[in-house]
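The next block is input-v3.csv, given as CSV, C-alpha atoms and all ligand atoms.
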```
chain,number,residue,atom,x,y,z
A,1,MET,CA,11.2,-21.5,-13.7
A,2,VAL,CA,9.1,-24.6,-13.2
A,3,GLY,CA,11.0,-25.1,-9.9
A,4,LEU,CA,10.3,-21.6,-8.8
A,5,LEU,CA,6.6,-22.0,-9.7
A,6,SER,CA,6.2,-25.2,-7.8
A,7,TRP,CA,8.0,-23.7,-4.8
A,8,VAL,CA,5.7,-20.7,-4.8
A,9,ALA,CA,2.7,-23.1,-5.2
A,10,SER,CA,3.9,-25.2,-2.3
A,11,LEU,CA,3.5,-22.1,-0.1
A,12,TYR,CA,-0.2,-22.2,-0.7
A,13,VAL,CA,-1.9,-24.9,1.2
A,14,PRO,CA,-5.6,-24.2,1.3
A,15,GLY,CA,-7.0,-24.1,4.8
A,16,ARG,CA,-3.6,-24.6,6.5
A,17,GLN,CA,-3.5,-22.7,9.7
A,18,TYR,CA,-1.0,-21.7,12.3
A,19,GLY,CA,-2.7,-21.0,15.7
A,20,ARG,CA,-1.4,-19.9,19.0
A,21,GLY,CA,1.1,-22.3,20.4
A,22,GLN,CA,2.0,-23.5,16.9
A,23,ALA,CA,4.9,-21.2,16.0
A,24,PRO,CA,5.4,-21.6,12.2
A,25,GLU,CA,8.6,-23.0,11.0
A,26,ALA,CA,11.3,-20.4,11.0
A,27,TRP,CA,12.6,-19.2,7.7
A,28,LYS,CA,16.0,-17.9,8.5
A,29,GLY,CA,17.1,-20.8,10.6
A,30,HIS,CA,17.1,-19.3,14.0
A,31,GLY,CA,14.3,-21.4,15.4
A,32,MET,CA,11.6,-18.9,16.1
A,33,PRO,CA,10.1,-16.1,14.1
A,34,LEU,CA,11.7,-12.7,14.7
A,35,ILE,CA,9.4,-9.8,13.9
A,36,GLN,CA,10.5,-6.2,13.7
A,37,LEU,CA,7.8,-3.7,14.8
A,38,VAL,CA,8.0,-0.2,13.4
A,39,ALA,CA,5.7,2.3,15.1
A,40,THR,CA,4.9,5.5,13.2
A,41,GLY,CA,1.9,6.9,15.1
A,42,GLY,CA,-1.8,7.0,13.9
A,43,THR,CA,-4.9,6.4,15.9
A,44,ILE,CA,-3.6,3.2,17.3
A,45,ALA,CA,-1.1,5.2,19.2
A,46,SER,CA,-3.3,8.2,20.0
A,47,ARG,CA,-4.5,9.6,23.3
A,48,SER,CA,-7.0,12.5,23.9
A,49,THR,CA,-5.5,15.9,24.6
A,50,ALA,CA,-7.2,19.3,25.1
A,51,ALA,CA,-6.3,20.1,21.5
A,52,GLY,CA,-7.6,16.8,20.0
A,53,ARG,CA,-6.3,13.3,19.6
A,54,GLN,CA,-2.5,13.0,19.3
A,55,ALA,CA,-0.3,10.1,18.5
A,56,GLN,CA,1.8,9.5,21.6
A,57,ALA,CA,2.1,5.8,22.6
A,58,THR,CA,5.4,4.1,21.7
A,59,GLY,CA,5.8,0.8,20.0
A,60,ALA,CA,6.6,-0.8,23.3
A,61,GLU,CA,3.4,0.5,24.8
A,62,LEU,CA,1.4,-0.8,21.8
A,63,LEU,CA,3.0,-4.2,22.2
A,64,SER,CA,2.4,-4.3,26.0
A,65,ARG,CA,-1.4,-4.3,25.3
A,66,SER,CA,-1.3,-6.8,22.5
A,67,THR,CA,-0.5,-10.5,22.1
A,68,ILE,CA,2.7,-11.8,20.7
A,69,PRO,CA,2.4,-15.1,18.8
A,70,GLU,CA,3.8,-17.9,21.0
A,71,GLY,CA,7.4,-18.6,20.2
A,72,ALA,CA,7.9,-15.3,18.3
A,73,GLU,CA,10.3,-12.5,19.3
A,74,VAL,CA,9.4,-8.9,18.6
A,75,ARG,CA,11.8,-6.0,18.4
A,76,VAL,CA,10.6,-2.5,18.4
A,77,VAL,CA,11.6,0.7,16.5
A,78,ASP,CA,9.9,4.0,17.0
A,79,LEU,CA,10.2,5.8,13.7
A,80,ALA,CA,7.5,8.5,14.0
A,81,ALA,CA,4.6,9.6,16.2
A,82,LYS,CA,2.1,11.6,14.1
A,83,GLY,CA,-1.1,11.3,12.2
A,84,SER,CA,-0.7,9.7,8.8
A,85,PHE,CA,-2.5,12.7,7.3
A,86,ALA,CA,0.6,14.8,8.1
A,87,TRP,CA,3.1,12.6,6.3
A,88,GLN,CA,5.3,14.3,3.6
A,89,HIS,CA,7.4,12.8,0.8
A,90,SER,CA,10.5,13.0,2.9
A,91,ASP,CA,8.8,10.8,5.5
A,92,LEU,CA,8.1,8.2,2.8
A,93,ARG,CA,11.7,7.9,1.9
A,94,THR,CA,12.5,7.5,5.6
A,95,LEU,CA,10.0,4.7,5.9
A,96,ILE,CA,11.4,2.8,2.9
A,97,ARG,CA,14.8,3.1,4.3
A,98,SER,CA,13.7,1.9,7.7
A,99,ALA,CA,11.8,-1.1,6.3
A,100,ARG,CA,14.9,-2.1,4.3
A,101,GLU,CA,17.1,-1.8,7.4
A,102,GLN,CA,14.8,-4.1,9.3
A,103,LEU,CA,14.9,-6.6,6.5
A,104,ALA,CA,18.7,-6.3,6.1
A,105,GLY,CA,18.9,-8.0,9.5
A,106,GLU,CA,17.5,-11.3,10.6
A,107,ALA,CA,13.9,-10.4,10.7
A,108,ASP,CA,11.4,-12.9,9.3
A,109,GLY,CA,8.8,-10.2,8.9
A,110,VAL,CA,8.1,-6.5,9.6
A,111,VAL,CA,4.9,-5.0,11.1
A,112,ILE,CA,4.3,-1.3,10.7
A,113,THR,CA,1.7,0.5,12.8
A,114,HIS,CA,0.4,3.5,11.0
A,115,GLY,CA,-2.5,5.9,10.6
A,116,THR,CA,-5.4,4.5,8.6
A,117,ASP,CA,-5.9,7.7,6.5
A,118,THR,CA,-2.9,7.2,4.2
A,119,MET,CA,-2.2,3.6,5.0
A,120,GLU,CA,-3.2,2.4,1.5
A,121,GLU,CA,-0.7,4.8,-0.1
A,122,LEU,CA,2.2,3.9,2.1
A,123,ALA,CA,1.6,0.2,1.9
A,124,PHE,CA,1.4,0.4,-1.8
A,125,LEU,CA,4.6,2.5,-2.0
A,126,LEU,CA,6.5,-0.1,0.0
A,127,ASP,CA,5.0,-2.9,-2.0
A,128,LEU,CA,6.3,-1.3,-5.2
A,129,VAL,CA,9.8,-1.3,-4.0
A,130,HIS,CA,9.8,-4.5,-1.8
A,131,ALA,CA,11.7,-7.1,-3.7
A,132,ASP,CA,11.8,-9.6,-0.9
A,133,PRO,CA,9.8,-12.7,0.0
A,134,ARG,CA,9.4,-11.7,3.6
A,135,PRO,CA,6.2,-10.0,4.6
A,136,VAL,CA,5.8,-6.4,5.6
A,137,VAL,CA,2.4,-6.0,7.3
A,138,PHE,CA,0.7,-2.7,8.0
A,139,THR,CA,-1.9,-2.3,10.7
A,140,GLY,CA,-3.5,0.4,12.8
A,141,ALA,CA,-6.8,1.2,14.6
A,142,GLN,CA,-10.0,3.2,14.3
A,143,ARG,CA,-10.4,3.7,18.0
A,144,PRO,CA,-7.5,5.4,19.9
A,145,PHE,CA,-5.0,3.8,22.4
A,146,ASP,CA,-6.9,5.3,25.4
A,147,HIS,CA,-10.4,4.2,24.3
A,148,PRO,CA,-12.2,1.9,26.7
A,149,ALA,CA,-12.6,-0.7,23.9
A,150,PRO,CA,-9.7,-0.1,21.5
A,151,ASP,CA,-9.4,-2.2,18.3
A,152,GLY,CA,-5.6,-1.6,18.1
A,153,PRO,CA,-4.4,-4.5,20.4
A,154,ALA,CA,-6.3,-7.1,18.4
A,155,ASN,CA,-5.2,-5.6,15.1
A,156,LEU,CA,-1.6,-5.6,16.2
A,157,ALA,CA,-1.8,-9.2,17.5
A,158,ASP,CA,-3.2,-10.3,14.1
A,159,ALA,CA,-0.5,-8.4,12.2
A,160,LEU,CA,2.2,-10.0,14.3
A,161,ALA,CA,0.6,-13.5,13.6
A,162,VAL,CA,0.5,-12.7,9.9
A,163,ALA,CA,4.1,-11.5,9.8
A,164,SER,CA,5.1,-14.7,11.6
A,165,SER,CA,3.3,-16.9,9.1
A,166,PRO,CA,4.8,-18.7,6.1
A,167,LEU,CA,1.5,-18.1,4.4
A,168,ALA,CA,2.3,-14.4,4.2
A,169,ARG,CA,5.5,-14.9,2.3
A,170,ASN,CA,5.8,-14.0,-1.3
A,171,ARG,CA,2.8,-11.7,-1.3
A,172,GLY,CA,4.5,-8.3,-1.2
A,173,VAL,CA,3.3,-5.8,1.4
A,174,LEU,CA,0.1,-6.6,3.3
A,175,LEU,CA,-2.5,-4.6,5.3
A,176,SER,CA,-4.1,-6.5,8.2
A,177,PHE,CA,-7.2,-5.0,9.7
A,178,ASP,CA,-10.2,-6.4,11.6
A,179,GLY,CA,-9.4,-10.0,10.9
A,180,TYR,CA,-8.8,-9.6,7.2
A,181,VAL,CA,-5.5,-9.2,5.3
A,182,TYR,CA,-5.3,-7.5,1.9
A,183,LEU,CA,-2.5,-7.2,-0.6
A,184,ALA,CA,-1.3,-3.6,-0.7
A,185,ARG,CA,-2.4,-3.3,-4.3
A,186,GLY,CA,-6.1,-2.6,-4.4
A,187,VAL,CA,-6.7,-2.0,-0.7
A,188,THR,CA,-8.5,1.1,0.3
A,189,LYS,CA,-10.1,2.7,3.3
A,190,VAL,CA,-13.9,2.2,3.0
A,191,ASP,CA,-15.2,3.6,6.3
A,192,THR,CA,-14.2,6.7,8.1
A,193,LEU,CA,-14.8,5.3,11.6
A,194,SER,CA,-16.0,1.7,11.7
A,195,ALA,CA,-13.5,-0.9,12.9
A,196,HIS,CA,-14.0,-2.7,9.5
A,197,ALA,CA,-12.1,0.2,7.9
A,198,PHE,CA,-10.6,-1.5,4.8
A,199,ASP,CA,-11.6,-3.5,1.8
A,200,ALA,CA,-10.1,-4.3,-1.7
A,201,PRO,CA,-13.1,-3.6,-4.0
A,202,GLY,CA,-13.1,-6.1,-6.9
A,203,ARG,CA,-10.3,-8.1,-5.4
A,204,GLY,CA,-11.1,-9.1,-1.8
A,205,PRO,CA,-8.8,-10.3,1.0
A,206,ALA,CA,-5.8,-12.6,0.6
A,207,LEU,CA,-5.6,-14.0,4.1
A,208,ARG,CA,-7.9,-14.3,7.2
A,209,VAL,CA,-6.9,-14.2,10.8
A,210,ALA,CA,-9.3,-15.8,13.3
A,211,ASP,CA,-8.3,-16.2,17.0
A,212,GLY,CA,-4.7,-15.8,16.1
A,213,ALA,CA,-4.8,-18.4,13.3
A,214,VAL,CA,-3.8,-17.4,9.8
A,215,SER,CA,-5.4,-19.0,6.8
A,216,ALA,CA,-4.8,-18.4,3.1
A,217,LEU,CA,-7.8,-17.3,0.9
A,218,THR,CA,-5.8,-16.9,-2.3
A,219,PRO,CA,-2.6,-18.4,-3.7
A,220,ALA,CA,0.6,-16.5,-3.0
A,221,ALA,CA,1.9,-14.4,-5.9
A,222,ARG,CA,4.6,-11.8,-5.7
A,223,PRO,CA,3.7,-8.4,-7.2
A,224,PRO,CA,6.1,-6.7,-9.6
A,225,THR,CA,8.5,-4.2,-8.1
A,226,LEU,CA,10.3,-1.1,-9.3
A,227,ARG,CA,13.8,0.0,-8.5
A,228,PHE,CA,14.1,2.8,-6.0
A,229,ASP,CA,17.2,4.2,-4.4
A,230,HIS,CA,16.0,5.7,-1.1
A,231,GLY,CA,19.3,7.4,-0.7
A,232,THR,CA,19.1,9.5,-3.8
A,233,ALA,CA,15.7,9.3,-5.5
A,234,GLU,CA,13.6,12.4,-5.0
A,235,LEU,CA,9.9,11.8,-5.1
A,236,PRO,CA,8.5,14.4,-7.5
A,237,LYS,CA,5.2,16.3,-7.3
A,238,VAL,CA,2.3,14.4,-8.9
A,239,ASP,CA,-1.2,15.8,-8.8
A,240,VAL,CA,-4.5,14.0,-8.8
A,241,VAL,CA,-7.1,15.7,-11.0
A,242,PRO,CA,-10.7,14.9,-10.0
A,243,LEU,CA,-13.3,14.7,-12.7
A,244,TYR,CA,-16.9,15.9,-11.9
A,245,VAL,CA,-19.7,17.1,-14.1
A,246,GLY,CA,-18.7,20.3,-15.8
A,247,ALA,CA,-15.0,20.1,-14.7
A,248,ASP,CA,-12.7,22.4,-16.6
A,249,ALA,CA,-9.0,22.0,-17.1
A,250,ALA,CA,-7.9,24.9,-15.0
A,251,GLY,CA,-6.8,22.8,-12.1
A,252,LEU,CA,-4.8,20.4,-14.3
A,253,ARG,CA,-3.0,23.2,-16.1
A,254,ALA,CA,-2.3,25.1,-12.8
A,255,GLY,CA,-0.9,21.9,-11.4
A,256,ILE,CA,1.7,21.7,-14.2
A,257,GLU,CA,2.5,25.4,-13.8
A,258,ALA,CA,3.1,24.7,-10.1
A,259,GLY,CA,5.6,22.0,-10.9
A,260,ALA,CA,3.7,18.8,-11.2
A,261,ARG,CA,5.9,16.3,-13.1
A,262,GLY,CA,3.0,13.9,-13.6
A,263,LEU,CA,-0.8,13.8,-13.4
A,264,VAL,CA,-3.4,11.2,-12.4
A,265,LEU,CA,-6.9,11.6,-13.5
A,266,ALA,CA,-9.6,10.4,-11.1
A,267,ALA,CA,-11.7,9.9,-14.2
A,268,PHE,CA,-15.4,9.0,-14.7
A,269,GLY,CA,-16.5,5.4,-15.0
A,270,ALA,CA,-14.2,3.2,-17.0
A,271,GLY,CA,-11.8,6.1,-17.6
A,272,ASN,CA,-13.6,8.9,-19.3
A,273,ALA,CA,-13.1,12.7,-19.1
A,274,ASN,CA,-14.5,15.5,-21.3
A,275,PRO,CA,-13.2,17.3,-24.4
A,276,GLY,CA,-11.5,20.2,-22.5
A,277,ILE,CA,-9.7,17.8,-20.2
A,278,VAL,CA,-8.6,15.7,-23.3
A,279,GLU,CA,-7.1,18.8,-24.8
A,280,ALA,CA,-5.2,19.6,-21.7
A,281,VAL,CA,-4.0,16.0,-21.4
A,282,ARG,CA,-2.7,16.2,-25.0
A,283,ASP,CA,-0.7,19.3,-24.2
A,284,ALA,CA,0.7,17.7,-21.0
A,285,ALA,CA,1.7,14.6,-22.8
A,286,ALA,CA,3.4,16.6,-25.6
A,287,ASP,CA,5.3,18.6,-22.9
A,288,GLY,CA,6.6,15.3,-21.4
A,289,VAL,CA,4.2,15.3,-18.4
A,290,PRO,CA,2.8,11.7,-18.1
A,291,VAL,CA,-0.9,11.4,-17.4
A,292,LEU,CA,-2.2,8.2,-15.8
A,293,VAL,CA,-5.9,7.5,-16.0
A,294,CYS,CA,-7.6,5.9,-13.0
A,295,SER,CA,-11.2,5.9,-12.0
A,296,ARG,CA,-13.2,7.5,-9.3
A,297,VAL,CA,-15.3,4.3,-9.2
A,298,PRO,CA,-14.2,2.0,-6.4
A,299,ALA,CA,-13.9,-1.3,-8.4
A,300,GLY,CA,-13.0,-2.4,-11.9
A,301,PRO,CA,-10.3,-1.5,-14.5
A,302,VAL,CA,-10.2,1.5,-16.8
A,303,VAL,CA,-10.5,0.8,-20.5
A,304,PRO,CA,-10.3,3.2,-23.4
A,305,LEU,CA,-13.8,2.9,-24.8
A,306,TYR,CA,-15.5,6.2,-25.7
A,307,THR,CA,-14.8,9.1,-28.0
A,308,GLY,CA,-16.3,12.6,-27.4
A,309,GLY,CA,-14.0,13.2,-24.4
A,310,GLY,CA,-14.0,9.6,-23.3
A,311,GLY,CA,-11.2,7.1,-22.7
A,312,ALA,CA,-10.5,6.4,-26.4
A,313,ASP,CA,-9.7,10.1,-26.8
A,314,LEU,CA,-7.5,10.2,-23.6
A,315,LEU,CA,-5.5,7.2,-25.0
A,316,ALA,CA,-5.1,9.0,-28.4
A,317,ALA,CA,-3.9,12.1,-26.5
A,318,GLY,CA,-1.1,10.1,-24.9
A,319,ALA,CA,-2.5,9.1,-21.5
A,320,VAL,CA,-1.6,5.7,-19.9
A,321,PHE,CA,-4.4,3.6,-18.5
A,322,GLY,CA,-3.9,2.5,-14.8
A,323,ALA,CA,-5.8,-0.8,-14.7
A,324,ASP,CA,-7.8,-1.0,-11.5
A,325,LEU,CA,-5.5,1.2,-9.4
A,326,ASN,CA,-7.4,3.8,-7.5
A,327,PRO,CA,-6.2,7.4,-8.1
A,328,TRP,CA,-4.2,7.5,-4.8
A,329,GLN,CA,-2.3,4.3,-5.5
A,330,GLY,CA,-2.0,5.4,-9.2
A,331,ARG,CA,-0.3,8.6,-7.9
A,332,ILE,CA,2.2,6.5,-5.9
A,333,LEU,CA,3.0,4.4,-9.0
A,334,LEU,CA,3.5,7.4,-11.2
A,335,THR,CA,5.6,9.1,-8.5
A,336,VAL,CA,8.0,6.2,-8.2
A,337,ALA,CA,8.0,5.7,-12.0
A,338,LEU,CA,9.1,9.3,-12.4
A,339,THR,CA,12.3,8.6,-10.4
A,340,LEU,CA,13.4,6.1,-13.1
A,341,PRO,CA,15.2,6.9,-16.3
A,342,ASP,CA,12.1,6.1,-18.6
A,343,PRO,CA,9.0,6.7,-16.5
A,344,LEU,CA,6.5,5.8,-19.3
A,345,ALA,CA,8.3,2.5,-20.0
A,346,ALA,CA,8.4,1.7,-16.3
A,347,LEU,CA,4.7,2.4,-16.0
A,348,ARG,CA,3.7,0.3,-18.9
A,349,VAL,CA,5.9,-2.6,-17.9
A,350,TRP,CA,4.6,-2.6,-14.3
A,351,LEU,CA,1.0,-2.3,-15.4
A,352,GLU,CA,1.4,-5.2,-17.8
A,353,ALA,CA,3.4,-7.4,-15.4
A,354,ASP,CA,1.5,-10.2,-13.7
A,355,THR,CA,4.2,-11.8,-11.8
A,356,THR,CA,7.0,-11.0,-9.7
A,357,LYS,CA,10.1,-9.9,-11.4
A,358,GLU,CA,11.8,-6.6,-10.6
A,359,VAL,CA,10.8,-4.2,-13.4
A,360,ARG,CA,14.1,-3.0,-14.9
A,361,ALA,CA,12.7,-0.3,-17.1
B,1,LIG,N1,-7.9,8.2,11.5
B,1,LIG,C1,-6.5,8.1,11.3
B,1,LIG,C2,-5.9,6.8,11.9
B,1,LIG,O1,-6.3,5.9,12.0
B,1,LIG,C3,-5.6,9.2,11.6
B,1,LIG,C4,-4.3,8.9,10.9
B,1,LIG,O2,-4.4,8.5,9.8
B,1,LIG,O3,-3.3,9.1,11.5
B,1,LIG,O4,-5.0,6.6,12.4
```
Take the structure in this file and express it as structure tokens.
Amino acid sequence: MVGLLSWVASLYVPGRQYGRGQAPEAWKGHGMPLIQLVATGGTIASRSTAAGRQAQATGAELLSRSTIPEGAEVRVVDLAAKGSFAWQHSDLRTLIRSAREQLAGEADGVVITHGTDTMEELAFLLDLVHADPRPVVFTGAQRPFDHPAPDGPANLADALAVASSPLARNRGVLLSFDGYVYLARGVTKVDTLSAHAFDAPGRGPALRVADGAVSALTPAARPPTLRFDHGTAELPKVDVVPLYVGADAAGLRAGIEAGARGLVLAAFGAGNANPGIVEAVRDAAADGVPVLVCSRVPAGPVVPLYTGGGGADLLAAGAVFGADLNPWQGRILLTVALTLPDPLAALRVWLEADTTKEVRA
């Protein structure tokens, strides 16, 4: 254990950088980093059409406009070509399978180009099931492929540099955008159109990329993972229930009637609801439908503090508190947990885990 810790600590060298022309040491012994690029569409691949923007550019086209870190080899797979807003659960399984296939080979890292709209959900999903030290790095763009000043080429160059860097290892899945690299857990889209599209409120970035050089801002630490069999596990329906002044429980109850196997509350503040919602949560929990409490506030954990419809009542009604996960990432966690034999145990173990072991709940 001590050996493992010191090995992990040795990966963190504050201020250590790998710039152009300094290919980082290879990890799999073939002398140069091999990066697998998986293209899935999004704005980074979009061109204007009469009907609106459409993802069309292939991975090879994206690569031809970008910069490959010196000494690195990049291989390309075109997995999909669509907006990330159109992704379905079946696509998620395909993406997990593809990422695993890339890592089953010799790749030192994987870069996935994807639409920004749902990137935080997919990155977190892969992170949850990614029990491997090698980096998987998401990136995309806010301006399209055929824009006169696109941001995609620089974002892709940065993501390739990150995937080639030993500093990215043992951090789970990453999201690289506009020079900053975030752990999947906690990253969220914070601007609809600006090139600085992402942030991790309350957490901040983990790495920085400047002129092709990667530097570490935080020590590496592997996030916990959950088992997921992409061949057989069906991703169940999980609804997010938004809280707002005067909200009633009609949506929540309708969701369960429509087949939701789990619910995520986008609760007020530090995890509060109202008495009507608490009653509905009590009924759901009693019927075996897990309810995860997250907050509609961008930063900070949820804590069961208040009665009168607040978090203390939600806890007493059987809800689970989702730490500082936003509702969208909380929904992904609950969805994966529901594919396991004991979803509540999986949720609790994952939420309490600080380190890196696969959660065998
Ligand atoms: N605005 C989005 C993007 O960046 C559209 C999408 O998510 O596909 O790519």
Original post:
Which polymer residues have any atom within 12 Å of an atom of Arg93 (chain A), counting all atoms listed in the file, with same-chain residues fewer than 2 positions away left out, as a list in words?
Top reply: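 Counting all atoms listed in the file, the residues come to Trp87, Gln88, His89, Ser90, Asp91, Leu95, Ile96, Arg97, Ser98, Ala99, Arg100, Leu122, Leu125, Leu126, Val129, Phe228, Asp229, His230, Gly231, Thr232, Ala233, Glu234, Leu235, Pro236 and Val336 of chain A.
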Subject >> At most 7 Å from ligand LIG 1 (chain B) (only C-alpha atoms and all ligand atoms): residue list as a list in words >> reply: Gly41, Gly42, Thr43, Ile44, Lys82, Gly83, Ser84, Phe85, His114, Gly115, Thr116, Asp117, Thr118, Gly140, Ala141 and Gln142 of chain A
Original post:
Skipping near chain neighbours, those fewer than 2 positions away, what residues fall within 12 Å of Ala346 (chain A) using all atoms listed in the file, listed as a PyMOL selection string?
Top reply: chain A and resi 128+224-228+290+320+333-344+348-353+358-361
Original post:
Which value, in Å to one decimal, gives the distance between CA of Leu175 (chain A) and CA of Arg208 (chain A)?
Top reply: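 Value for the CA of Leu175 (chain A)-CA of Arg208 (chain A) distance: 11.3 Å.
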**OP:** Can you pull out every residue within 6 Å of Ser164 (chain A), counting all atoms listed in the file, but drop anything in the same chain fewer than 2 positions away, and send it as a list in words?
**Re:** Pro33, Ala161 and Val162 of chain A
Can I get the selection written as a PDB file, in the frame of the given file, with C-alpha atoms?
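Dumped everything to result05.pdb:
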```pdb
ATOM      1  CA  PRO A  33      10.100 -16.100  14.100  1.00  0.00           C
ATOM      2  CA  ALA A 161       0.600 -13.500  13.600  1.00  0.00           C
ATOM      3  CA  VAL A 162       0.500 -12.700   9.900  1.00  0.00           C
TER       4      VAL A 162
END
```
Original post:
Which residue out of A:Ala80, A:Phe145, A:Leu103, A:Ser176 has the minimum interatomic distance to Glu61 (chain A) when only C-alpha atoms are used?
Top reply: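 For Glu61 (chain A), the nearest of the given residues is A:Phe145.
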**OP:** Please identify all polymer residues lying at most 10 Å from the point (-3.4, -6.5, 23.7) (file coordinates), using all atoms listed in the file, and present the result as a list in words.
**Re:** Glu61, Leu62, Leu63, Ser64, Arg65, Ser66, Thr67, Ile68, Pro150, Asp151, Gly152, Pro153, Ala154, Asn155, Leu156 and Ala157 of chain A
Subject >> Coordinates-based distance that separates CA of Val187 (chain A) from CA of Ala323 (chain A) (Å, one decimal) >> reply: 14.1 Å
Subject >> For region 193-203 of chain A: contacts at 6 Å, all atoms listed in the file, fewer than 2 positions along chain excluded, given as a list in words >> reply: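 Here the qualifying residues turn out to be Gln142, Asp178, Gly186, Val187, Thr188, Lys189, Val190, Asp191 and Ala299 of chain A.
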**OP:** Using only C-alpha atoms, determine which residues lie at most 8 Å from Val209 (chain A), disregarding the query and same-chain residues fewer than 3 positions distant; provide the list as number ranges by chain.
**Re:** A: 158, 162, 179-181, 212-215
Subject >> Shortest interatomic distance to Thr40 (chain A) - which of A:Val303, A:Val76, A:Ala221, A:Val293, counting all atoms listed in the file >> reply: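 So, comparing all the options, the nearest one is A:Val76.
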**OP:** Provide the CA of Val74 (chain A) to CA of Arg134 (chain A) distance in Å, to one decimal place.
**Re:** 15.3 Å
Original post:
Out of A:Gly276, A:Pro133, A:Gly310, A:Gly269, which residue has the shortest atom-to-atom distance to Ser295 (chain A) when counting all atoms listed in the file?
Top reply: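 Comparing A:Gly276, A:Pro133, A:Gly310, A:Gly269 against Ser295 (chain A), the winner is A:Gly269.
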**OP:** Between A:Ala45, A:Ala250, A:Val264, A:Val173, single out the one closest to Val110 (chain A), counting all atoms listed in the file.
**Re:**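 Among the listed residues, the smallest separation from Val110 (chain A) belongs to A:Val173.
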Original post:
Nearest to Ala159 (chain A): which of A:Ala220, A:Leu37, A:Ala51, A:Ala280 is it, counting only C-alpha atoms?
Top reply: A:Leu37
